[in-house]
>>> print(open('input34.txt').read())   # compact mmCIF, C-alpha atoms and all ligand atoms
# COMPACT_ATOMS: atom_id res chain seq x y z
CA MET C 99 9.90 8.11 -7.64
CA ILE C 100 9.05 7.97 -11.33
CA GLU C 101 5.35 7.68 -12.05
CA ALA C 102 4.48 4.55 -13.97
CA ALA C 103 2.94 5.27 -17.34
CA THR C 104 -0.79 4.82 -17.75
CA ASP C 105 -0.37 1.97 -20.22
CA VAL C 106 1.87 0.08 -17.78
CA LEU C 107 -0.79 0.44 -15.09
CA SER C 108 -3.55 -0.55 -17.52
CA ALA C 109 -1.59 -3.63 -18.52
CA SER C 110 -1.15 -4.72 -14.92
CA ILE C 111 -4.89 -4.26 -14.21
CA ARG C 112 -5.74 -6.26 -17.32
CA GLY C 113 -3.09 -8.84 -16.43
CA ALA C 114 -4.87 -9.46 -13.14
CA GLY C 115 -8.05 -10.26 -15.05
CA LEU C 116 -9.83 -7.00 -14.24
CA LYS C 117 -11.45 -4.50 -16.55
CA VAL C 118 -9.54 -1.24 -16.84
CA THR C 119 -11.74 1.58 -15.58
CA GLU C 120 -10.94 5.23 -14.94
CA PRO C 121 -11.34 4.98 -11.15
CA ARG C 122 -9.14 1.86 -11.00
CA LEU C 123 -6.47 3.64 -13.03
CA ALA C 124 -6.72 6.76 -10.89
CA VAL C 125 -6.32 4.72 -7.69
CA MET C 126 -3.28 2.91 -9.10
CA LYS C 127 -1.75 6.22 -10.18
CA THR C 128 -2.32 7.76 -6.78
CA LEU C 129 -0.62 4.86 -5.02
CA ASP C 130 2.20 4.95 -7.52
CA ALA C 131 2.95 8.53 -6.54
CA ALA C 132 2.14 8.14 -2.83
CA PRO C 133 2.46 4.60 -1.49
CA HIS C 134 1.00 3.74 1.94
CA SER C 135 -1.99 6.04 1.49
CA GLY C 136 -5.30 5.51 3.24
CA ALA C 137 -8.70 5.44 1.54
CA ASP C 138 -9.44 9.08 2.42
CA THR C 139 -6.19 10.36 0.95
CA ILE C 140 -6.70 8.25 -2.16
CA PHE C 141 -10.26 9.52 -2.46
CA GLN C 142 -9.13 13.17 -2.32
CA SER C 143 -6.61 12.58 -5.07
CA VAL C 144 -8.93 10.51 -7.29
CA ARG C 145 -11.67 13.13 -6.97
CA ARG C 146 -9.32 15.76 -8.31
CA GLU C 147 -9.03 13.73 -11.50
CA LEU C 148 -12.55 12.26 -11.58
CA PRO C 149 -14.84 14.71 -9.75
CA GLY C 150 -17.87 12.40 -9.78
CA THR C 151 -16.20 9.61 -7.81
CA SER C 152 -17.68 8.68 -4.41
CA LEU C 153 -15.74 7.47 -1.38
CA GLN C 154 -17.79 4.28 -1.62
CA ALA C 155 -16.58 3.74 -5.18
CA VAL C 156 -12.98 4.21 -4.05
CA TYR C 157 -13.50 1.57 -1.33
CA GLY C 158 -14.90 -0.75 -3.98
CA VAL C 159 -11.90 -0.21 -6.24
CA LEU C 160 -9.48 -0.76 -3.34
CA ALA C 161 -11.20 -4.02 -2.40
CA ALA C 162 -11.15 -5.29 -6.00
CA LEU C 163 -7.51 -4.34 -6.60
CA THR C 164 -6.45 -5.84 -3.26
CA ALA C 165 -8.33 -9.08 -4.01
CA ALA C 166 -6.57 -9.23 -7.39
CA GLN C 167 -3.25 -8.76 -5.54
CA LEU C 168 -2.49 -5.56 -7.42
CA LEU C 169 -2.48 -3.78 -4.09
CA ARG C 170 -1.35 -4.73 -0.65
CA LYS C 171 -3.31 -3.57 2.35
CA ILE C 172 -1.45 -2.92 5.57
CA GLU C 173 -3.03 -2.06 8.87
CA PRO C 174 -0.56 -0.73 11.44
CA ALA C 175 -2.08 -0.70 14.93
CA GLY C 176 -3.94 2.53 15.60
CA SER C 177 -3.94 3.60 11.97
CA SER C 178 -6.55 3.14 9.27
CA ALA C 179 -5.81 0.68 6.47
CA LEU C 180 -3.08 1.82 4.08
CA TYR C 181 -2.57 0.61 0.53
CA GLU C 182 0.46 0.21 -1.70
CA ARG C 183 1.40 -1.24 -5.09
CA ARG C 184 4.45 -3.09 -3.85
CA THR C 185 3.08 -6.60 -3.35
CA GLY C 186 4.28 -10.15 -2.95
CA ASP C 187 7.80 -9.42 -1.69
CA ASN C 188 7.24 -9.90 2.06
CA HIS C 189 8.60 -6.41 2.76
CA HIS C 190 7.93 -4.82 6.12
CA HIS C 191 7.09 -1.38 7.39
CA ILE C 192 8.54 1.03 9.85
CA VAL C 193 6.02 3.45 11.31
CA CYS C 194 6.70 6.68 13.19
CA SER C 195 4.94 6.61 16.57
CA SER C 196 4.60 10.37 16.44
CA CYS C 197 3.53 11.43 12.93
CA ASN C 198 2.56 8.01 11.48
CA ALA C 199 4.99 8.32 8.56
CA VAL C 200 5.41 4.89 6.95
CA GLN C 201 8.52 3.59 5.21
CA ASP C 202 9.24 0.30 3.48
CA VAL C 203 11.78 -2.03 5.04
CA ASP C 204 13.14 -4.96 3.07
CA CYS C 205 13.14 -8.46 4.51
CA VAL C 206 14.86 -8.55 7.86
CA VAL C 207 17.49 -11.07 6.79
CA GLY C 208 17.67 -12.73 3.39
CA GLU C 209 14.72 -14.19 1.59
CA ALA C 210 11.00 -14.29 2.33
CA PRO C 211 9.81 -15.36 4.83
CA CYS C 212 12.68 -13.76 6.68
CA LEU C 213 11.40 -14.82 10.08
CA THR C 214 10.65 -18.40 10.99
CA PRO C 215 8.59 -19.07 14.10
CA SER C 216 10.24 -21.42 16.59
CA SER C 217 7.11 -23.55 16.39
CA GLY C 218 5.26 -23.42 13.10
CA ALA C 219 2.45 -25.76 14.24
CA GLY C 220 2.72 -27.61 10.94
CA PHE C 221 2.22 -24.48 8.82
CA ALA C 222 4.27 -23.89 5.68
CA VAL C 223 5.10 -20.22 6.31
CA HIS C 224 5.39 -18.03 3.19
CA ALA C 225 5.27 -14.54 4.64
CA ALA C 226 6.18 -12.73 7.83
CA GLU C 227 4.50 -9.40 8.45
CA VAL C 228 6.46 -7.13 10.72
CA THR C 229 5.84 -3.56 11.77
CA PHE C 230 8.70 -1.66 13.33
CA TRP C 231 7.85 1.36 15.43
CA GLY C 232 10.06 4.34 16.14
CA PHE C 233 10.44 8.06 15.59
CA CYS C 234 11.23 9.30 12.10
CA ALA C 235 14.23 11.59 11.54
CA GLN C 236 12.02 14.67 11.42
CA CYS C 237 10.22 13.84 14.68
CA GLN C 238 13.53 13.08 16.44
CA GLN C 239 14.69 16.59 15.58
CA SER C 240 11.57 18.28 16.93
CA THR C 241 11.75 16.60 20.35
ZN ZN C 301 7.50 11.23 12.56
ZN ZN C 302 5.28 -0.88 1.78
>>> encode(input="input34.txt", output="structure tokens")
Amino acid sequence: MIEAATDVLSASIRGAGLKVTEPRLAVMKTLDAAPHSGADTIFQSVRRELPGTSLQAVYGVLAALTAAQLLRKIEPAGSSALYERRTGDNHHHIVCSSCNAVQDVDCVVGEAPCLTPSSGAGFAVHAAEVTFWGFCAQCQQST
């Protein structure tokens, strides 16, 4: 994956109506290089670049960027919240039951929402969130 340039990331932060700050940029950069990272992982990486940053500050940045829809938060069962920059496309995730590796999966069939409930109870459905579970290629080999 090619890392997005800092000015591209700055522009997207500004485009969402947020002020561009060093911690926000560092979080975006981290998730650009390693999507589906949890707050702890992001914190470790941000601290390497900005040693004074607290975990609390990273949580604050994640909340602000998620609220601005610059980040998507996913919460597979049994895992802590993970964040990614790929938003708004209704993509799904496949999670390894053994090592918790996470991969993106495009819409199941066709366009978002790719699944339509048999009874929508009057809702206009715009997204379907699906988590597939299985064993990743590496874990299949080691069993
Ligand atoms: Zn695995
Ligand atoms: Zn994803």
>>> residues_near_ligand(input="input34.txt", ligand="ligand ZN 301 (chain C)", cutoff="9 Å", atoms="only C-alpha atoms and all ligand atoms", output="PyMOL selection string")
chain C and resi 193-200+232-238
>>> write_last_selection(input="input34.txt", atoms="C-alpha atoms", output="PDB file, keeping the file's coordinate frame")
ATOM      1  CA  VAL C 193       6.020   3.450  11.310  1.00  0.00           C
ATOM      2  CA  CYS C 194       6.700   6.680  13.190  1.00  0.00           C
ATOM      3  CA  SER C 195       4.940   6.610  16.570  1.00  0.00           C
ATOM      4  CA  SER C 196       4.600  10.370  16.440  1.00  0.00           C
ATOM      5  CA  CYS C 197       3.530  11.430  12.930  1.00  0.00           C
ATOM      6  CA  ASN C 198       2.560   8.010  11.480  1.00  0.00           C
ATOM      7  CA  ALA C 199       4.990   8.320   8.560  1.00  0.00           C
ATOM      8  CA  VAL C 200       5.410   4.890   6.950  1.00  0.00           C
ATOM      9  CA  GLY C 232      10.060   4.340  16.140  1.00  0.00           C
ATOM     10  CA  PHE C 233      10.440   8.060  15.590  1.00  0.00           C
ATOM     11  CA  CYS C 234      11.230   9.300  12.100  1.00  0.00           C
ATOM     12  CA  ALA C 235      14.230  11.590  11.540  1.00  0.00           C
ATOM     13  CA  GLN C 236      12.020  14.670  11.420  1.00  0.00           C
ATOM     14  CA  CYS C 237      10.220  13.840  14.680  1.00  0.00           C
ATOM     15  CA  GLN C 238      13.530  13.080  16.440  1.00  0.00           C
TER      16      GLN C 238
END
>>> atom_distance(input="input34.txt", atom1="CA of Glu182 (chain C)", atom2="atom ZN of ligand ZN 302 (chain C)")
6.0 Å
>>> residues_around(input="input34.txt", residues="region 165-175 of chain C", least_positions_apart="3", cutoff="9 Å", atoms="all atoms listed in the file", output="list in words")
Ser110, Ile111, Ala114, Gly115, Leu116, Met126, Leu129, His134, Leu160, Ala161, Ala162, Ser178, Ala179, Leu180, Tyr181, Glu182, Arg183, Arg184, Thr185, Gly186, His191, Val193 and Thr229 of chain C
>>> write_last_selection(input="input34.txt", atoms="C-alpha atoms", output="tab-separated table (two decimals), in the coordinates of the input")
chain	number	residue	atom	x	y	z
C	110	SER	CA	-1.15	-4.72	-14.92
C	111	ILE	CA	-4.89	-4.26	-14.21
C	114	ALA	CA	-4.87	-9.46	-13.14
C	115	GLY	CA	-8.05	-10.26	-15.05
C	116	LEU	CA	-9.83	-7.00	-14.24
C	126	MET	CA	-3.28	2.91	-9.10
C	129	LEU	CA	-0.62	4.86	-5.02
C	134	HIS	CA	1.00	3.74	1.94
C	160	LEU	CA	-9.48	-0.76	-3.34
C	161	ALA	CA	-11.20	-4.02	-2.40
C	162	ALA	CA	-11.15	-5.29	-6.00
C	178	SER	CA	-6.55	3.14	9.27
C	179	ALA	CA	-5.81	0.68	6.47
C	180	LEU	CA	-3.08	1.82	4.08
C	181	TYR	CA	-2.57	0.61	0.53
C	182	GLU	CA	0.46	0.21	-1.70
C	183	ARG	CA	1.40	-1.24	-5.09
C	184	ARG	CA	4.45	-3.09	-3.85
C	185	THR	CA	3.08	-6.60	-3.35
C	186	GLY	CA	4.28	-10.15	-2.95
C	191	HIS	CA	7.09	-1.38	7.39
C	193	VAL	CA	6.02	3.45	11.31
C	229	THR	CA	5.84	-3.56	11.77
>>> atom_distance(input="input34.txt", atom1="CA of Leu213 (chain C)", atom2="CA of His190 (chain C)")
11.3 Å
>>> closest_residue(input="input34.txt", among="C:Ser217, C:Ser240, C:Gln154, C:Ser135", to="ligand ZN 302 (chain C)", atoms="all atoms listed in the file")
C:Ser135
>>> atom_distance(input="input34.txt", atom1="CA of Asn188 (chain C)", atom2="CA of Lys117 (chain C)")
26.9 Å
